[in-house]
Amino acid sequence: MSAPPENWERQSSARTPLFNGQYYSWWKNRMRDHIIGEDYELWDIVTDGPLATMKKNVEGVDVPKIRADCTAEDLRKWEKNAKAKKWLMCGLGPDEYRRIQSCTTAKEIWDTLQVAHEGTPQV
């Protein structure tokens with residue numbers, strides 16, 4: 001894993017690590033540690049997804065809940081996803097942001113960046 005030169009921007013623990021397209025492995029590890037340091041449960045959201053909030057429709061098939069049907073726990077899950085997305089998006093430069101701007105979950109952002117910079121496990 002290569003690291004950036006000594007005078008790298010954004011070394012404060014209060015700021016998210018900045019990724020501008022270089023040193024992905026370094027950024028990935030720092031971002032993971034940053035998110036875990038903020039809230040360990042957020043890291044679960046990044047790696048596993050926000051856990052779908054589902055309900056059974058009249059035919060007995062599971063379908064996503066609409067906001068009006070969500071419980072406080074359902075909303076907490078989506079709030080955690082929004083917080084994880086915020087941390088990831090705030091750590092990206094403009095070119096990387098364009099790559100993930102259509103992603104709807106933190107997991108989707110993380111996976112998109114990983115595939116773009118490391119490839120897929122099958123490669």
# chains A, B, ... in the order shown; residues from 1 in each chain; ligands from 1
>>> residues_around(residues="Leu51 of chain A", least_positions_apart="4", cutoff="9 Å", atoms="only C-alpha atoms", output="JSON, numbers by chain")
{"A": [45, 74, 77, 78]}
>>> residues_around(residues="Glu41 of chain A", least_positions_apart="2", cutoff="12 Å", atoms="only C-alpha atoms", output="PyMOL selection string")
chain A and resi 32+35-39+43-50+76-77+79-81+83-84
>>> select_by_dssp(residues="segment 4-120 of chain A", states="strand (DSSP E)", output="PyMOL selection string")
chain A and resi 54-56+62-64
>>> residues_around(residues="segment 92-101 of chain A", least_positions_apart="6", cutoff="12 Å", atoms="only C-alpha atoms", output="number ranges by chain")
A: 10, 15-22, 24, 27-28, 31, 85-86, 107-117
>>> write_last_selection(atoms="C-alpha atoms", output="short mmCIF file (atom, residue, chain, number, x, y, z; two decimals), in the first residue's frame")
data_model
loop_
_atom_site.label_atom_id
_atom_site.label_comp_id
_atom_site.auth_asym_id
_atom_site.auth_seq_id
_atom_site.Cartn_x
_atom_site.Cartn_y
_atom_site.Cartn_z
CA ARG A 10 -6.70 16.97 5.65
CA ARG A 15 -12.09 15.80 8.83
CA THR A 16 -12.78 12.89 6.56
CA PRO A 17 -9.74 11.63 4.65
CA LEU A 18 -9.72 13.14 1.16
CA PHE A 19 -9.57 10.89 -1.89
CA ASN A 20 -8.72 12.56 -5.18
CA GLY A 21 -8.12 9.42 -7.25
CA GLN A 22 -4.64 8.59 -5.92
CA TYR A 24 -6.84 4.43 -2.89
CA TRP A 27 -7.58 6.33 1.75
CA LYS A 28 -9.69 3.18 2.10
CA MET A 31 -11.78 6.11 5.81
CA LYS A 85 -23.08 8.30 2.86
CA LYS A 86 -22.25 11.79 4.11
CA LYS A 107 -22.57 0.24 0.58
CA GLU A 108 -23.17 1.03 -3.07
CA ILE A 109 -20.70 3.95 -2.86
CA TRP A 110 -18.06 1.81 -1.14
CA ASP A 111 -18.49 -1.07 -3.61
CA THR A 112 -18.39 1.26 -6.63
CA LEU A 113 -15.12 2.83 -5.49
CA GLN A 114 -13.63 -0.56 -4.67
CA VAL A 115 -14.45 -1.98 -8.11
CA ALA A 116 -13.15 1.16 -9.84
CA HIS A 117 -9.82 1.13 -8.00
#
>>> atom_distance(atom1="atom CA of Ala14 of chain A", atom2="atom CA of Trp87 of chain A")
11.0 Å
>>> atom_distance(atom1="atom CA of Thr71 of chain A", atom2="atom CA of Met54 of chain A")
10.9 Å
>>> select_by_dssp(residues="segment 25-60 of chain A", states="helix (DSSP H, G or I)", output="list of chain:residue names")
A:Ser25, A:Trp26, A:Trp27, A:Lys28, A:Asn29, A:Arg30, A:Met31, A:Arg32, A:Asp33, A:His34, A:Ile35, A:Ile36, A:Gly37, A:Glu38, A:Tyr40, A:Glu41, A:Leu42, A:Trp43, A:Asp44, A:Ile45, A:Val46, A:Thr47, A:Asp48
